[in-house]
Amino acid sequence: MIGRRLGRTVAMLAVAALAAALSTGTAGAVSSNTLYYGGDSTAVVTSKARVYLVFWGSQWGTSSVDGNGNLRFSNDAVGASGVVQQLLKSVGGSSDSWSGALTEYCSGVARGAASCPASGVPHIPAPSGGGALAGVWYDNAAPSPSAATEPQIGQEAVKAAAHFGNTTATANQAAQYVIFSPKGTNPDLYQSGGFCSWHDVNGDLGVSSFYGSIALTNLPYVADTSSCTSGFSSVLDAFTMIVGHEYAEVLTDRNPGGGWTATSGAEVADECAWNQPASKITMGTGSYELPNLWSNAANSCVP
């Protein structure tokens with residue numbers, strides 16, 4: 001994750017085909033980057049992901065709808081809201097050539113396993129159909145906190161689950177809630193905390209839920225700090241990198257530490273952080289800068 005327990009970074013790299021390894025269910029060579037299964041069957045998302053995007057707080061300003069049918073806001077100086085919505089309309093869909101790398105990971109194997117059989121256990125599904133974006137909500141009933149705490153962010157995610165009608169544990173197993181804070185706020189003090197985003201579940205944040213475990217991402221308005229946007233060709237590339245990073249890590253390690261992590265605690269996108277950027281990936285609604293992801297089968301980062 002880009003935050004909380006680890007490196008709190010973003011990045012990407014290039015390369016590799018794993019068709020042969022995936023067809024046999026074998027892993028590549030073991031290395032310090034190898035991911036191991038943590039034994040929590042609920043920590044791997046084995047049905048189609050559904051992402052709910054929450055624009056949290058009245059500081060986003062006046063809302064309207066752009067030409068792509070996305071919400072846009074008067075206080076979104078760089079246009080991040082539209083780009084994030086467009087990305088989430090693409091990932092997980094049939095045109096997504098990026099997140100298919102995650103299909104080698106599964107649940108239902110022994111704790112400590114470094115590979116999955118090709119069949120017989122539930123894998124993260126291959127991208128298909130429409131994208132992952134399942135709902136968008138502008139929660140402008142009140143301003144979001146100027147420096148939201150972890151429990152406040154978790155509470156907003158639980159509130160979002162109720163708003164979208166996801167009121168059972170089953171409904172929330174494949175759901176993730178992206179809590180997008182507005183310009184000028186500092187959720188979890190990210191600007192001085194050395195991170196750009198993080199993902200977790202409500203229980204880890206000390207927040208209760210009547211709707212089962214709630215997976216969420218803390219997405220700050222990272223255009224406010226150069227530490228999260230430097231090195232990219234545009235500020236918007238930083239947003240898509242961060243959103244993609246957390247999306248992949250929720251699928252593979254929804255309950256942090258219970259899914260696929262390295263002995264260091266690093267997750268599938270952390271392992272490829274700080275590598276040279278690759279070309280943007282074209283899918284669905286556009287071309288997006290996205291992180292490369294660690295593959296045990298290839299023993300390397302893959303696009």
# chains A, B, ... in the order shown; residues from 1 in each chain; ligands from 1

call {"tool": "residues_around", "arguments": {"residues": "segment 173-177 of chain A", "least_positions_apart": "6", "cutoff": "9 Å", "atoms": "only C-alpha atoms", "output": "PyMOL selection string"}}
result
chain A and resi 42-54+134+157-158+160-161+166+212-218+247+250-251+254

call {"tool": "select_by_dssp", "arguments": {"residues": "segment 152-269 of chain A", "states": "helix (DSSP H, G or I)", "output": "CSV table (one decimal) with C-alpha atoms, in the first residue's frame"}}
result
chain,number,residue,atom,x,y,z
A,152,GLN,CA,-13.0,9.6,10.6
A,153,ILE,CA,-11.9,8.2,7.2
A,154,GLY,CA,-13.1,4.7,8.2
A,155,GLN,CA,-16.4,6.1,9.4
A,156,GLU,CA,-17.0,7.8,6.1
A,157,ALA,CA,-16.4,4.5,4.3
A,158,VAL,CA,-19.0,2.8,6.5
A,159,LYS,CA,-21.4,5.6,5.8
A,160,ALA,CA,-20.7,5.2,2.1
A,161,ALA,CA,-21.6,1.5,2.3
A,162,ALA,CA,-25.0,2.4,3.7
A,163,HIS,CA,-25.5,5.1,1.1
A,169,ALA,CA,-20.8,-8.7,4.6
A,170,THR,CA,-21.4,-10.5,1.3
A,171,ALA,CA,-22.1,-7.3,-0.6
A,172,ASN,CA,-18.9,-5.7,0.8
A,187,PRO,CA,-6.3,13.5,5.6
A,188,ASP,CA,-4.2,11.5,8.1
A,189,LEU,CA,-1.6,14.2,7.8
A,190,TYR,CA,-0.3,12.8,4.6
A,191,GLN,CA,1.6,15.9,3.6
A,192,SER,CA,4.1,15.5,6.5
A,193,GLY,CA,3.6,11.7,6.9
A,202,ASN,CA,-12.6,-0.4,9.0
A,203,GLY,CA,-11.7,-2.7,11.9
A,204,ASP,CA,-8.0,-1.8,11.7
A,205,LEU,CA,-9.0,1.9,12.1
A,222,VAL,CA,-2.2,14.9,-3.9
A,223,ALA,CA,-1.9,17.8,-6.2
A,224,ASP,CA,-1.5,19.8,-3.0
A,226,SER,CA,5.0,18.1,-4.8
A,227,SER,CA,6.2,15.0,-2.9
A,228,CYS,CA,3.4,13.0,-4.4
A,235,VAL,CA,-0.1,15.8,-12.0
A,236,LEU,CA,-3.0,13.7,-13.2
A,237,ASP,CA,-0.6,10.8,-13.8
A,238,ALA,CA,0.2,10.8,-10.1
A,239,PHE,CA,-3.5,10.4,-9.4
A,240,THR,CA,-4.0,7.4,-11.7
A,241,MET,CA,-0.8,5.8,-10.4
A,242,ILE,CA,-2.0,6.1,-6.8
A,243,VAL,CA,-5.5,4.9,-7.5
A,244,GLY,CA,-4.2,2.0,-9.5
A,245,HIS,CA,-1.7,1.1,-6.8
A,246,GLU,CA,-4.3,0.8,-4.1
A,247,TYR,CA,-6.9,-0.9,-6.4
A,248,ALA,CA,-4.5,-3.7,-7.0
A,249,GLU,CA,-3.5,-4.1,-3.4
A,250,VAL,CA,-7.1,-4.3,-2.2
A,251,LEU,CA,-7.6,-7.2,-4.6
A,252,THR,CA,-4.6,-9.1,-3.4

call {"tool": "select_by_dssp", "arguments": {"residues": "segment 78-245 of chain A", "states": "strand (DSSP E)", "output": "PyMOL selection string"}}
result
chain A and resi 133-139+175-180+198-201+215-219

call {"tool": "closest_residue", "arguments": {"among": "A:Val84, A:Ala77, A:Ile179, A:Leu102", "to": "Phe55 of chain A", "atoms": "only C-alpha atoms"}}
result
A:Ile179

call {"tool": "closest_residue", "arguments": {"among": "A:Gly61, A:Gly284, A:Pro220, A:Pro303", "to": "Leu87 of chain A", "atoms": "only C-alpha atoms"}}
result
A:Gly284

call {"tool": "atom_distance", "arguments": {"atom1": "atom CA of Arg111 of chain A", "atom2": "atom CA of Val201 of chain A"}}
result
20.5 Å

call {"tool": "decode", "arguments": {"residues": "segment 46-111 of chain A", "atoms": "C-alpha atoms", "output": "PDB file, in the first residue's frame"}}
result
ATOM      1  CA  THR A  46     -12.125 -13.564  -5.909  1.00  0.00           C
ATOM      2  CA  SER A  47     -15.199 -12.061  -7.547  1.00  0.00           C
ATOM      3  CA  LYS A  48     -15.459  -9.019  -9.788  1.00  0.00           C
ATOM      4  CA  ALA A  49     -14.263  -5.903  -7.982  1.00  0.00           C
ATOM      5  CA  ARG A  50     -16.698  -3.050  -7.389  1.00  0.00           C
ATOM      6  CA  VAL A  51     -15.286   0.387  -6.594  1.00  0.00           C
ATOM      7  CA  TYR A  52     -17.358   3.137  -4.985  1.00  0.00           C
ATOM      8  CA  LEU A  53     -15.898   6.622  -5.276  1.00  0.00           C
ATOM      9  CA  VAL A  54     -16.787   9.159  -2.589  1.00  0.00           C
ATOM     10  CA  PHE A  55     -16.028  12.857  -3.011  1.00  0.00           C
ATOM     11  CA  TRP A  56     -15.930  13.714   0.664  1.00  0.00           C
ATOM     12  CA  GLY A  57     -16.846  17.184   1.850  1.00  0.00           C
ATOM     13  CA  SER A  58     -18.487  20.357   0.625  1.00  0.00           C
ATOM     14  CA  GLN A  59     -15.042  21.877  -0.087  1.00  0.00           C
ATOM     15  CA  TRP A  60     -15.216  20.208  -3.511  1.00  0.00           C
ATOM     16  CA  GLY A  61     -17.539  23.081  -4.428  1.00  0.00           C
ATOM     17  CA  THR A  62     -20.322  23.159  -6.957  1.00  0.00           C
ATOM     18  CA  SER A  63     -20.846  19.934  -8.882  1.00  0.00           C
ATOM     19  CA  SER A  64     -21.858  19.455 -12.490  1.00  0.00           C
ATOM     20  CA  VAL A  65     -21.564  16.724 -15.111  1.00  0.00           C
ATOM     21  CA  ASP A  66     -18.885  16.690 -17.807  1.00  0.00           C
ATOM     22  CA  GLY A  67     -19.120  15.372 -21.363  1.00  0.00           C
ATOM     23  CA  ASN A  68     -18.199  11.857 -20.226  1.00  0.00           C
ATOM     24  CA  GLY A  69     -20.995  11.709 -17.696  1.00  0.00           C
ATOM     25  CA  ASN A  70     -18.616  12.222 -14.755  1.00  0.00           C
ATOM     26  CA  LEU A  71     -19.061  14.505 -11.792  1.00  0.00           C
ATOM     27  CA  ARG A  72     -16.821  17.566 -11.905  1.00  0.00           C
ATOM     28  CA  PHE A  73     -16.284  20.216  -9.276  1.00  0.00           C
ATOM     29  CA  SER A  74     -15.602  23.919  -9.130  1.00  0.00           C
ATOM     30  CA  ASN A  75     -12.807  23.440  -6.585  1.00  0.00           C
ATOM     31  CA  ASP A  76     -10.990  20.690  -8.470  1.00  0.00           C
ATOM     32  CA  ALA A  77      -8.181  22.786  -9.874  1.00  0.00           C
ATOM     33  CA  VAL A  78      -6.469  20.074 -11.925  1.00  0.00           C
ATOM     34  CA  GLY A  79      -9.504  18.037 -13.014  1.00  0.00           C
ATOM     35  CA  ALA A  80      -8.571  14.977 -10.968  1.00  0.00           C
ATOM     36  CA  SER A  81     -12.183  13.977 -10.350  1.00  0.00           C
ATOM     37  CA  GLY A  82     -12.906  13.229 -14.000  1.00  0.00           C
ATOM     38  CA  VAL A  83      -9.664  11.354 -14.620  1.00  0.00           C
ATOM     39  CA  VAL A  84     -10.148   9.107 -11.594  1.00  0.00           C
ATOM     40  CA  GLN A  85     -13.715   8.307 -12.682  1.00  0.00           C
ATOM     41  CA  GLN A  86     -12.570   7.541 -16.227  1.00  0.00           C
ATOM     42  CA  LEU A  87      -9.842   5.220 -14.928  1.00  0.00           C
ATOM     43  CA  LEU A  88     -12.224   3.334 -12.667  1.00  0.00           C
ATOM     44  CA  LYS A  89     -14.635   2.891 -15.588  1.00  0.00           C
ATOM     45  CA  SER A  90     -11.811   1.041 -17.368  1.00  0.00           C
ATOM     46  CA  VAL A  91      -9.964  -1.099 -14.801  1.00  0.00           C
ATOM     47  CA  GLY A  92     -11.508  -4.506 -14.309  1.00  0.00           C
ATOM     48  CA  GLY A  93     -13.275  -4.332 -17.661  1.00  0.00           C
ATOM     49  CA  SER A  94     -12.712  -6.410 -20.767  1.00  0.00           C
ATOM     50  CA  SER A  95     -10.323  -3.829 -22.263  1.00  0.00           C
ATOM     51  CA  ASP A  96      -8.089  -3.855 -19.156  1.00  0.00           C
ATOM     52  CA  SER A  97      -4.725  -5.318 -20.168  1.00  0.00           C
ATOM     53  CA  TRP A  98      -3.112  -4.287 -16.875  1.00  0.00           C
ATOM     54  CA  SER A  99      -4.783  -5.913 -13.880  1.00  0.00           C
ATOM     55  CA  GLY A 100      -4.961  -9.343 -15.490  1.00  0.00           C
ATOM     56  CA  ALA A 101      -1.507  -9.892 -13.995  1.00  0.00           C
ATOM     57  CA  LEU A 102      -3.245 -10.331 -10.643  1.00  0.00           C
ATOM     58  CA  THR A 103      -5.054 -13.510 -11.720  1.00  0.00           C
ATOM     59  CA  GLU A 104      -2.134 -15.675 -10.580  1.00  0.00           C
ATOM     60  CA  TYR A 105      -3.083 -14.899  -6.955  1.00  0.00           C
ATOM     61  CA  CYS A 106      -5.788 -16.833  -5.130  1.00  0.00           C
ATOM     62  CA  SER A 107      -7.228 -17.823  -1.785  1.00  0.00           C
ATOM     63  CA  GLY A 108      -7.700 -21.343  -0.469  1.00  0.00           C
ATOM     64  CA  VAL A 109      -4.048 -22.412  -0.419  1.00  0.00           C
ATOM     65  CA  ALA A 110      -1.945 -23.063   2.655  1.00  0.00           C
ATOM     66  CA  ARG A 111      -0.743 -20.137   4.703  1.00  0.00           C
TER      67      ARG A 111
END
